[in-house]
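Quick notes on the structure that follows.
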Amino acid sequence: MEMNAPYTSFVAVGDSFTEGMSDALPDGSYRGWADLLAARLATREPGFRYANLAVRGKLIGQIAEDQAPVAAAMGADVVTLVGGLNDALRPKVDMGRVRAHLEESVALLAPSCRRLVLMRSPGRNGPVMERFRPRMEELFGIIEELAGRHGALVVDLYGAPALADPRMWDVDRLHLTAEGHRRVAEAVWQTLGLPPEEDWRAELPPAVPPGWAVRRTQDLSFARRHLLPWIGRRLTGRSSGDGRPPKRPGLLPYEASAADRLS
């Protein structure tokens, strides 16, 4: 792959992972790996442009209908597409429909850009991961197949033990911490053929497991603040992203803020 390629524009497509949850900034907004990647690409190319169409809670059918056509029309150098995991984590899912929506999106996006980047998303170690692992691996098999067919790149975050470490995950157990997002940005950077700046796969030092009482307190807090509201939205057909616009809907010149440049 060509090293040091001059990428002049980047469009990110997806759900909460690409929106940047839970890499929170002081003003309450989210940064995330896509913003960090854009900031680094912008330092290499004057006039660099960036759009982030991702919205939390979106299913792959919504991404295919609402985001993929907009992204394709932008004609960016780099497009990242991460979707389908929200579908796979639902109690009932038609993986045939997931495949069809992914195929539709990839077939539309691949010819519209120089580099289409897909991902095998990370998963937090724990009982929830084990329950959904077969479905996630089915999703990732579809992604690998589509990438091979359409010449897309694949970032294998799922295969990195460091990103499965619970310490890389926020208290909601669904979204990466700032450190996790920073590592994802580095992983995509390297996949694009750009010179490595660190080993994003490096595992964390051994941790002292918390005691039983601490674990039970954490579990109860998680259930009250995150799990029960999530179940409530599933039962009522609502989503955390309902009515929420993308944070960067236009492919516009990008100037990194101080927060974006933090590593």
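Ligands are numbered from 1 in the order shown, chains are lettered A, B, ... in the order of the structure tokens, and residues start at 1 in each chain.
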
Would you list the contacts of Leu157 in chain A as a CSV table (one decimal) with N, CA and C atoms, in the first residue's frame, taking every protein, DNA or RNA residue within 6 Å and counting only C-alpha atoms, but skipping same-chain residues closer than 5 positions in sequence?
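Saved to part_14.csv:
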chain,number,residue,atom,x,y,z
A,120,ARG,N,-13.8,-4.5,12.0
A,120,ARG,CA,-14.2,-5.5,12.9
A,120,ARG,C,-14.2,-4.8,14.3
A,121,SER,N,-15.3,-4.5,14.8
A,121,SER,CA,-15.4,-3.6,16.0
A,121,SER,C,-14.9,-4.3,17.3
A,122,PRO,N,-14.4,-3.6,18.2
A,122,PRO,CA,-13.9,-4.2,19.5
A,122,PRO,C,-15.1,-4.6,20.3

Distance query Gln62 in chain A at most 10 Å, only C-alpha atoms, self and fewer than 5 positions along chain excluded, as a list in words: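 The neighbour list is Gly14, Asp15, Val55, Gly57, Gln67, Ala68, Gly83 and His101 of chain A.
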
Selection from above, N, CA and C atoms, as a compact mmCIF listing (two decimals), in the first residue's frame, can you write it?
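Writing done, so here's result25.txt:
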# COMPACT_ATOMS: atom_id res chain seq x y z
N GLY A 14 -21.71 6.01 10.41
CA GLY A 14 -21.92 4.96 11.41
C GLY A 14 -22.84 5.35 12.54
N ASP A 15 -22.54 4.80 13.73
CA ASP A 15 -23.39 4.98 14.91
C ASP A 15 -22.59 5.63 16.03
N VAL A 55 -24.53 8.89 13.88
CA VAL A 55 -25.49 9.24 14.93
C VAL A 55 -25.70 8.03 15.82
N GLY A 57 -27.02 5.11 18.17
CA GLY A 57 -28.21 4.28 18.15
C GLY A 57 -28.68 3.81 16.79
N GLN A 67 -27.32 7.81 5.61
CA GLN A 67 -25.94 8.29 5.62
C GLN A 67 -25.14 7.91 4.38
N ALA A 68 -25.25 6.66 3.95
CA ALA A 68 -24.41 6.19 2.84
C ALA A 68 -24.60 7.01 1.56
N GLY A 83 -20.97 -0.19 11.05
CA GLY A 83 -22.39 -0.36 11.38
C GLY A 83 -22.75 -1.82 11.42
N HIS A 101 -28.21 -4.78 3.86
CA HIS A 101 -27.96 -3.35 4.05
C HIS A 101 -26.48 -3.02 3.97

Shortest interatomic distance to Ala76 in chain A - which of A:Met95, A:Ala207, A:Ala51, A:Leu146, counting only C-alpha atoms: A:Ala51

Residue nearest Glu45 in chain A among A:Ile143, A:Pro6, A:Leu25, A:Ala72 (counting only C-alpha atoms): A:Pro6

Expected answer as a PyMOL selection string: alpha helix (DSSP H) residues in range 69-220 of chain A: chain A and resi 69-74+85-88+95-109+127-150+178-191+212-220

Please, which residues of range 82-189 of chain A, numbered as in this document, come out strand (DSSP E) from DSSP, as a PDB file with N, CA and C atoms, in the first residue's frame?
ATOM      1  N   VAL A  82     -18.830   1.991   9.716  1.00  0.00           N
ATOM      2  CA  VAL A  82     -18.911   1.062  10.839  1.00  0.00           C
ATOM      3  C   VAL A  82     -20.374   0.964  11.237  1.00  0.00           C
ATOM      4  N   ARG A 115     -10.408   5.331  -0.695  1.00  0.00           N
ATOM      5  CA  ARG A 115     -10.214   4.311   0.319  1.00  0.00           C
ATOM      6  C   ARG A 115     -11.494   4.166   1.135  1.00  0.00           C
ATOM      7  N   LEU A 116     -12.127   3.008   1.036  1.00  0.00           N
ATOM      8  CA  LEU A 116     -13.227   2.682   1.923  1.00  0.00           C
ATOM      9  C   LEU A 116     -12.676   1.808   3.037  1.00  0.00           C
ATOM     10  N   VAL A 117     -12.941   2.211   4.278  1.00  0.00           N
ATOM     11  CA  VAL A 117     -12.419   1.501   5.446  1.00  0.00           C
ATOM     12  C   VAL A 117     -13.582   0.918   6.235  1.00  0.00           C
ATOM     13  N   LEU A 118     -13.552  -0.403   6.439  1.00  0.00           N
ATOM     14  CA  LEU A 118     -14.518  -1.099   7.264  1.00  0.00           C
ATOM     15  C   LEU A 118     -13.821  -1.586   8.534  1.00  0.00           C
ATOM     16  N   MET A 119     -14.603  -2.029   9.520  1.00  0.00           N
ATOM     17  CA  MET A 119     -14.000  -2.456  10.779  1.00  0.00           C
ATOM     18  C   MET A 119     -14.645  -3.699  11.349  1.00  0.00           C
ATOM     19  N   ARG A 120     -13.797  -4.493  11.995  1.00  0.00           N
ATOM     20  CA  ARG A 120     -14.242  -5.513  12.928  1.00  0.00           C
ATOM     21  C   ARG A 120     -14.186  -4.841  14.294  1.00  0.00           C
ATOM     22  N   LEU A 153     -10.551  -1.662   2.794  1.00  0.00           N
ATOM     23  CA  LEU A 153      -9.634  -2.007   3.871  1.00  0.00           C
ATOM     24  C   LEU A 153     -10.439  -2.418   5.107  1.00  0.00           C
ATOM     25  N   VAL A 154      -9.867  -3.283   5.938  1.00  0.00           N
ATOM     26  CA  VAL A 154     -10.520  -3.701   7.174  1.00  0.00           C
ATOM     27  C   VAL A 154      -9.569  -3.475   8.344  1.00  0.00           C
ATOM     28  N   VAL A 155     -10.040  -2.773   9.361  1.00  0.00           N
ATOM     29  CA  VAL A 155      -9.291  -2.585  10.601  1.00  0.00           C
ATOM     30  C   VAL A 155      -9.787  -3.625  11.593  1.00  0.00           C
ATOM     31  N   ASP A 156      -8.902  -4.511  12.036  1.00  0.00           N
ATOM     32  CA  ASP A 156      -9.312  -5.586  12.934  1.00  0.00           C
ATOM     33  C   ASP A 156      -9.124  -5.172  14.391  1.00  0.00           C
TER      34      ASP A 156
END

Distance query Leu251 in chain A at most 12 Å, only C-alpha atoms, self and fewer than 2 positions along chain excluded, as a PyMOL selection string: chain A and resi 8-12+38+47-53+70-79+246-249+253-254

Can you work out which one of A:Glu137, A:Asp165, A:Asp27, A:Glu145 has the shortest atom-to-atom distance to Leu102 in chain A, counting only C-alpha atoms? A:Glu145

Computed interatomic separation between CA of Gly141 in chain A and CA of Glu197 in chain A (Å):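 One can read the CA of Gly141 in chain A to CA of Glu197 in chain A distance as 29.2 Å.
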
Shortest interatomic distance to Pro69 in chain A - which of A:Ala187, A:Pro245, A:Ala162, A:Ser105, counting only C-alpha atoms: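 Using only C-alpha atoms, Pro69 in chain A sits closest to A:Ser105.
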
Gap from CA of Arg133 in chain A to CA of Glu186 in chain A - Å, one decimal: 24.9 Å
